[in-house]
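Please read the structure below before turning to the comments.
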Amino acid sequence: MSPLITTDVERAAAAIRSGGLVAVPTETVYGLAADATDPAAIARIYATKGRPSEHPLIVHLADPLDIERWAPDASKAARLLAAAVWPGPVTVIVPRSPELPAEVAGGRDTVGLRVPAHPMTQQLIRLAGRPIAAPSANRFGAVSPTTATHVADDLGDRLDPATDLILDGGPAPIGVESTIVDCTIDPPQLLRAGAVTADQAAELIGASVAAASGPARASGMLASHYAPRCQVRLVDHPDDAAALAAGTSRARILDHGDDLARYARDLYAELRRADADEIGTLIAVLPPAEGLGHAIIDRLTKAAAPRG
Ligand code: TXA
Ligand code: MG
């Protein structure tokens, strides 16, 4: 096991306070966290991931009421959504408070906020005494990690054992990244599908939530993302998967078996396992476009997109 991996939350909080990086468990995927108020620590997140510096990070808070401090100008829609789902897998885009450095938001005047549901990470943020910025803890464009071991495999050689840690909170129970709702515009827009659907968000806000329009504002909106090394082919039906597999060498089928929660939870681990097993083509059966199915279809489509 990687010497970076620990379950010691106090040590992890001390690392954050000292400007270090800590990979943290959340209910969606693991994040690569640093003090959200420290530009130097934020710069290390970008460097470690190989992420372009104009791609904004999500700032994670410990308590839903903290939205008042870190986004005093948040819209009513943002407040309603946050109050209804936090702690939980939804990120709201709100005007950035001058207390948060521009670097955390890739230079924008808006910021993504969420309260993650994992108790270890909530405790970490409380002990650190400041919000933490955390993108998914993978190299830019690669598959998000859902276990501490995934993080160690991806970033272990880029983290510094003198300052950095990986906090092990077990496998992420949802398995796909948070729903992102841009609440700086009216009506709010869905920037990334997640476990909370656009329809559910609209119901909680009591107003419509539109599809994203305009230039891509979330890196998850790029056509190719979440990509394993193997080729990913998408089919609508298990019969089509079997037919395609019969004529394809080193193929493996990934099927939802009508359990979308399990499909989402295991999705990224399956993409990694396909690479580890040197699978040539992963043939994924698309789930129905309902509930978590929207987020799964989105991630599979990006995993299957031509690589730039
Ligand atoms: O579930 C999650 O959201 C995970 C866990 C760790 O919380 N985090 C995550 O972070 O997926 P990341 O950086 O991989 O994806 C964050 C997305 C990016 O696509 C980014 O462009 C978008 O959020 N984002 C962040 N701030 C934004 C802003 N101010 N405006 C528009 N998009 C923003
Ligand atoms: Mg990511």
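Starting from 1 in every chain, residues are counted up; chains themselves are A, B, ... following the order of the structure tokens, and ligands are numbered from 1 as listed.
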Could you list the protein, DNA and RNA residues that have any atom within 9 Å of ligand 2, counting only C-alpha atoms and all ligand atoms, and write them as a ChimeraX atom specification?
/A:29,31,135-144,177,219-220,225-226
Environment of ligand 1 within 7 Å, counting only C-alpha atoms and all ligand atoms, reported as a ChimeraX atom specification
/A:26,28-32,55-58,89,91,93,105,108,110-112,116,134-136,176-178,180,182,217-221
Write out as JSON, numbers by chain all residues of segment 161-225 of chain A that backbone DSSP assigns to helix (DSSP H, G or I).
{"A": [198, 199, 200, 201, 202, 203, 204, 205, 219, 220, 221]}
Would you save the residues from that selection as a tab-separated table (two decimals), in the first residue's frame, using C-alpha atoms?
chain	number	residue	atom	x	y	z
A	198	ALA	CA	-32.01	18.54	-13.69
A	199	ASP	CA	-35.70	17.77	-13.05
A	200	GLN	CA	-35.03	17.13	-9.35
A	201	ALA	CA	-32.99	20.34	-9.08
A	202	ALA	CA	-35.79	22.28	-10.80
A	203	GLU	CA	-38.33	20.89	-8.35
A	204	LEU	CA	-36.15	21.85	-5.36
A	205	ILE	CA	-35.61	25.37	-6.72
A	219	SER	CA	-14.08	20.89	-18.22
A	220	GLY	CA	-16.48	17.97	-17.98
A	221	MET	CA	-18.24	19.71	-20.89
Set the distance at 8 Å and use only C-alpha atoms: which residues neighbour Ala195 of chain A once local chain neighbours fewer than 2 positions away are removed? I'd like the list as a PyMOL selection string.
chain A and resi 89+174+176+178-179+193+197+291-292+295
I'd like the neighbourhood of Ala77 of chain A as a PyMOL selection string, where a residue qualifies if any of its atoms comes within 10 Å (using only C-alpha atoms), though same-chain residues fewer than 5 positions away should be ignored.
chain A and resi 82-83+92+94+181-188+201-202+204-207+209
Option closest in space to Asp8 of chain A, from A:Leu113, A:Leu80, A:Met120, A:Ile67 [counting only C-alpha atoms]
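Nearest to Asp8 of chain A: A:Met120.
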When you look at Ala241 of chain A with a cut-off of 10 Å (counting only C-alpha atoms), what residues show up, excluding the ones that are within fewer than 2 positions of it in the same chain? I need them as JSON, numbers by chain.
{"A": [233, 234, 235, 236, 237, 238, 239, 243, 244, 245, 246, 251, 252, 253, 254, 255, 282, 283, 284, 285]}
Could you save those same residues with C-alpha atoms as a compact mmCIF listing (two decimals), in the first residue's frame?
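Contents of selection06.txt, as written:
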# COMPACT_ATOMS: atom_id res chain seq x y z
CA ARG A 233 -17.80 1.63 -27.90
CA LEU A 234 -21.39 2.35 -26.93
CA VAL A 235 -24.41 0.17 -27.72
CA ASP A 236 -28.07 0.44 -26.76
CA HIS A 237 -28.80 -3.20 -26.06
CA PRO A 238 -26.98 -6.21 -24.53
CA ASP A 239 -27.63 -8.19 -27.76
CA ALA A 243 -22.71 -9.23 -31.52
CA LEU A 244 -20.00 -6.56 -31.51
CA ALA A 245 -17.85 -8.49 -29.01
CA ALA A 246 -17.99 -11.60 -31.22
CA ALA A 251 -13.23 -7.02 -26.08
CA ARG A 252 -15.11 -6.81 -22.80
CA ILE A 253 -18.76 -5.95 -22.21
CA LEU A 254 -19.92 -3.55 -19.52
CA ASP A 255 -23.65 -3.86 -18.82
CA LEU A 282 -14.76 -1.95 -23.84
CA ILE A 283 -18.30 -2.30 -25.16
CA ALA A 284 -20.63 -0.42 -22.81
CA VAL A 285 -24.40 -0.89 -22.83
Of A:Arg250, A:Asp38, A:Asp240, A:Leu61, the one sitting nearest Leu124 of chain A when using only C-alpha atoms is A:Leu61
Please report the interatomic distance between atom CA of Tyr263 of chain A and atom CA of Leu286 of chain A in Å with one decimal.
10.2 Å
Per-residue nearest contacts segment 168-197 of chain A to segment 149-152 of chain A, cut-off 12 Å, using only C-alpha atoms, as CSV:
residue,atom,partner,partner_atom,distance
A:Asp168,CA,A:Thr149,CA,8.5
A:Gly169,CA,A:Thr149,CA,10.9
A:Gly170,CA,A:Thr149,CA,9.6
A:Pro171,CA,A:Thr149,CA,9.5
A:Ala172,CA,A:His150,CA,11.2
List the neighbours of segment 100-104 of chain A out to 8 Å using only C-alpha atoms; skip same-chain residues closer than 2 positions along the sequence, and give me the result as a list in words.
Ala36, Thr37, Asp38, Pro39, Ile42, Ala43, Ser53, Pro56, Leu57, Ile58, Val59, Trp70, Arg96, Ser97, Pro98, Gly106, Gly107, Arg108, Asp109, Val111 and Ala133 of chain A
Selection export as a PDB file, in the first residue's frame, atoms kept: N, CA, C and O atoms:
ATOM      1  N   ALA A  36      -8.350  26.464   0.144  1.00  0.00           N
ATOM      2  CA  ALA A  36      -8.947  27.240  -0.943  1.00  0.00           C
ATOM      3  C   ALA A  36      -8.598  28.721  -0.851  1.00  0.00           C
ATOM      4  O   ALA A  36      -8.863  29.475  -1.789  1.00  0.00           O
ATOM      5  N   THR A  37      -8.012  29.156   0.264  1.00  0.00           N
ATOM      6  CA  THR A  37      -7.669  30.568   0.412  1.00  0.00           C
ATOM      7  C   THR A  37      -6.178  30.828   0.152  1.00  0.00           C
ATOM      8  O   THR A  37      -5.703  31.954   0.329  1.00  0.00           O
ATOM      9  N   ASP A  38      -5.432  29.787  -0.249  1.00  0.00           N
ATOM     10  CA  ASP A  38      -3.973  29.890  -0.396  1.00  0.00           C
ATOM     11  C   ASP A  38      -3.566  29.706  -1.870  1.00  0.00           C
ATOM     12  O   ASP A  38      -3.536  28.581  -2.377  1.00  0.00           O
ATOM     13  N   PRO A  39      -3.255  30.808  -2.582  1.00  0.00           N
ATOM     14  CA  PRO A  39      -2.937  30.698  -4.013  1.00  0.00           C
ATOM     15  C   PRO A  39      -1.778  29.737  -4.310  1.00  0.00           C
ATOM     16  O   PRO A  39      -1.800  29.054  -5.345  1.00  0.00           O
ATOM     17  N   ILE A  42      -3.111  26.229  -4.182  1.00  0.00           N
ATOM     18  CA  ILE A  42      -3.986  26.021  -5.347  1.00  0.00           C
ATOM     19  C   ILE A  42      -3.137  25.771  -6.598  1.00  0.00           C
ATOM     20  O   ILE A  42      -3.447  24.888  -7.414  1.00  0.00           O
ATOM     21  N   ALA A  43      -2.039  26.512  -6.730  1.00  0.00           N
ATOM     22  CA  ALA A  43      -1.159  26.326  -7.896  1.00  0.00           C
ATOM     23  C   ALA A  43      -0.627  24.893  -7.938  1.00  0.00           C
ATOM     24  O   ALA A  43      -0.471  24.310  -9.014  1.00  0.00           O
ATOM     25  N   SER A  53      -4.696  26.219 -16.137  1.00  0.00           N
ATOM     26  CA  SER A  53      -4.985  27.062 -14.972  1.00  0.00           C
ATOM     27  C   SER A  53      -6.274  27.858 -15.130  1.00  0.00           C
ATOM     28  O   SER A  53      -6.746  28.468 -14.180  1.00  0.00           O
ATOM     29  N   PRO A  56     -11.663  26.183 -13.601  1.00  0.00           N
ATOM     30  CA  PRO A  56     -11.928  26.465 -12.188  1.00  0.00           C
ATOM     31  C   PRO A  56     -12.090  25.209 -11.330  1.00  0.00           C
ATOM     32  O   PRO A  56     -12.473  24.145 -11.823  1.00  0.00           O
ATOM     33  N   LEU A  57     -11.790  25.354 -10.041  1.00  0.00           N
ATOM     34  CA  LEU A  57     -11.917  24.256  -9.075  1.00  0.00           C
ATOM     35  C   LEU A  57     -13.217  24.424  -8.290  1.00  0.00           C
ATOM     36  O   LEU A  57     -13.763  25.522  -8.204  1.00  0.00           O
ATOM     37  N   ILE A  58     -13.676  23.342  -7.674  1.00  0.00           N
ATOM     38  CA  ILE A  58     -14.836  23.415  -6.779  1.00  0.00           C
ATOM     39  C   ILE A  58     -14.329  23.646  -5.356  1.00  0.00           C
ATOM     40  O   ILE A  58     -13.377  22.999  -4.920  1.00  0.00           O
ATOM     41  N   VAL A  59     -14.959  24.588  -4.649  1.00  0.00           N
ATOM     42  CA  VAL A  59     -14.614  24.856  -3.255  1.00  0.00           C
ATOM     43  C   VAL A  59     -15.598  24.101  -2.362  1.00  0.00           C
ATOM     44  O   VAL A  59     -16.811  24.215  -2.531  1.00  0.00           O
ATOM     45  N   TRP A  70     -19.220  32.487   2.209  1.00  0.00           N
ATOM     46  CA  TRP A  70     -18.337  32.363   1.046  1.00  0.00           C
ATOM     47  C   TRP A  70     -19.006  32.786  -0.256  1.00  0.00           C
ATOM     48  O   TRP A  70     -18.338  32.910  -1.276  1.00  0.00           O
ATOM     49  N   ARG A  96     -18.279  34.873  -6.955  1.00  0.00           N
ATOM     50  CA  ARG A  96     -17.154  34.591  -6.051  1.00  0.00           C
ATOM     51  C   ARG A  96     -16.968  35.725  -5.056  1.00  0.00           C
ATOM     52  O   ARG A  96     -16.886  36.888  -5.445  1.00  0.00           O
ATOM     53  N   SER A  97     -16.874  35.362  -3.786  1.00  0.00           N
ATOM     54  CA  SER A  97     -16.564  36.342  -2.745  1.00  0.00           C
ATOM     55  C   SER A  97     -15.104  36.768  -2.887  1.00  0.00           C
ATOM     56  O   SER A  97     -14.239  35.939  -3.193  1.00  0.00           O
ATOM     57  N   PRO A  98     -14.784  38.055  -2.669  1.00  0.00           N
ATOM     58  CA  PRO A  98     -13.374  38.480  -2.749  1.00  0.00           C
ATOM     59  C   PRO A  98     -12.492  37.792  -1.714  1.00  0.00           C
ATOM     60  O   PRO A  98     -11.261  37.832  -1.814  1.00  0.00           O
ATOM     61  N   GLY A 106     -10.064  29.791 -11.532  1.00  0.00           N
ATOM     62  CA  GLY A 106      -9.495  29.918 -12.870  1.00  0.00           C
ATOM     63  C   GLY A 106      -9.626  31.336 -13.411  1.00  0.00           C
ATOM     64  O   GLY A 106      -9.750  31.536 -14.611  1.00  0.00           O
ATOM     65  N   GLY A 107      -9.632  32.319 -12.504  1.00  0.00           N
ATOM     66  CA  GLY A 107      -9.697  33.727 -12.900  1.00  0.00           C
ATOM     67  C   GLY A 107     -11.108  34.267 -13.067  1.00  0.00           C
ATOM     68  O   GLY A 107     -11.288  35.454 -13.350  1.00  0.00           O
ATOM     69  N   ARG A 108     -12.124  33.411 -12.901  1.00  0.00           N
ATOM     70  CA  ARG A 108     -13.505  33.909 -13.110  1.00  0.00           C
ATOM     71  C   ARG A 108     -14.022  34.667 -11.892  1.00  0.00           C
ATOM     72  O   ARG A 108     -13.487  34.523 -10.797  1.00  0.00           O
ATOM     73  N   ASP A 109     -15.116  35.389 -12.093  1.00  0.00           N
ATOM     74  CA  ASP A 109     -15.718  36.068 -10.946  1.00  0.00           C
ATOM     75  C   ASP A 109     -16.854  35.232 -10.352  1.00  0.00           C
ATOM     76  O   ASP A 109     -17.616  35.706  -9.510  1.00  0.00           O
ATOM     77  N   VAL A 111     -17.776  31.128  -8.670  1.00  0.00           N
ATOM     78  CA  VAL A 111     -17.094  29.993  -8.042  1.00  0.00           C
ATOM     79  C   VAL A 111     -18.102  28.863  -7.842  1.00  0.00           C
ATOM     80  O   VAL A 111     -19.295  29.115  -7.647  1.00  0.00           O
ATOM     81  N   ALA A 133     -10.302  23.612  -1.707  1.00  0.00           N
ATOM     82  CA  ALA A 133     -10.549  23.511  -3.151  1.00  0.00           C
ATOM     83  C   ALA A 133     -10.188  22.095  -3.561  1.00  0.00           C
ATOM     84  O   ALA A 133      -9.141  21.587  -3.153  1.00  0.00           O
TER      85      ALA A 133
END
Near-Asp266 of chain A list (9 Å; only C-alpha atoms; drop same-chain fewer than 3 positions) as a ChimeraX atom specification:
/A:146,174-175,261-263,269-271
Would you save the residues of that selection, restricted to C-alpha atoms, as a PDB file, in the first residue's frame?
ATOM      1  CA  THR A 146     -13.294   6.297  -6.597  1.00  0.00           C
ATOM      2  CA  ILE A 174     -22.117   7.293  -5.877  1.00  0.00           C
ATOM      3  CA  GLY A 175     -19.176   6.978  -8.255  1.00  0.00           C
ATOM      4  CA  ALA A 261     -26.699   2.848  -8.845  1.00  0.00           C
ATOM      5  CA  ARG A 262     -24.275  -0.060  -9.117  1.00  0.00           C
ATOM      6  CA  TYR A 263     -23.371   0.846 -12.726  1.00  0.00           C
ATOM      7  CA  ALA A 269     -13.233   1.238 -11.466  1.00  0.00           C
ATOM      8  CA  GLU A 270     -14.369  -0.794 -14.499  1.00  0.00           C
ATOM      9  CA  LEU A 271     -12.690   1.642 -16.926  1.00  0.00           C
TER      10      LEU A 271
END
So, with only C-alpha atoms as the atoms that count, which of A:Leu191, A:Ala303, A:Ile296, A:Ile5 lies closest to Val90 of chain A?
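Looking only at the distances to Val90 of chain A, the closest residue turns out to be A:Leu191.
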One residue among A:Thr6, A:Gly20, A:Arg299, A:Pro131 is nearest to Leu159 of chain A when using only C-alpha atoms, and that residue is A:Gly20
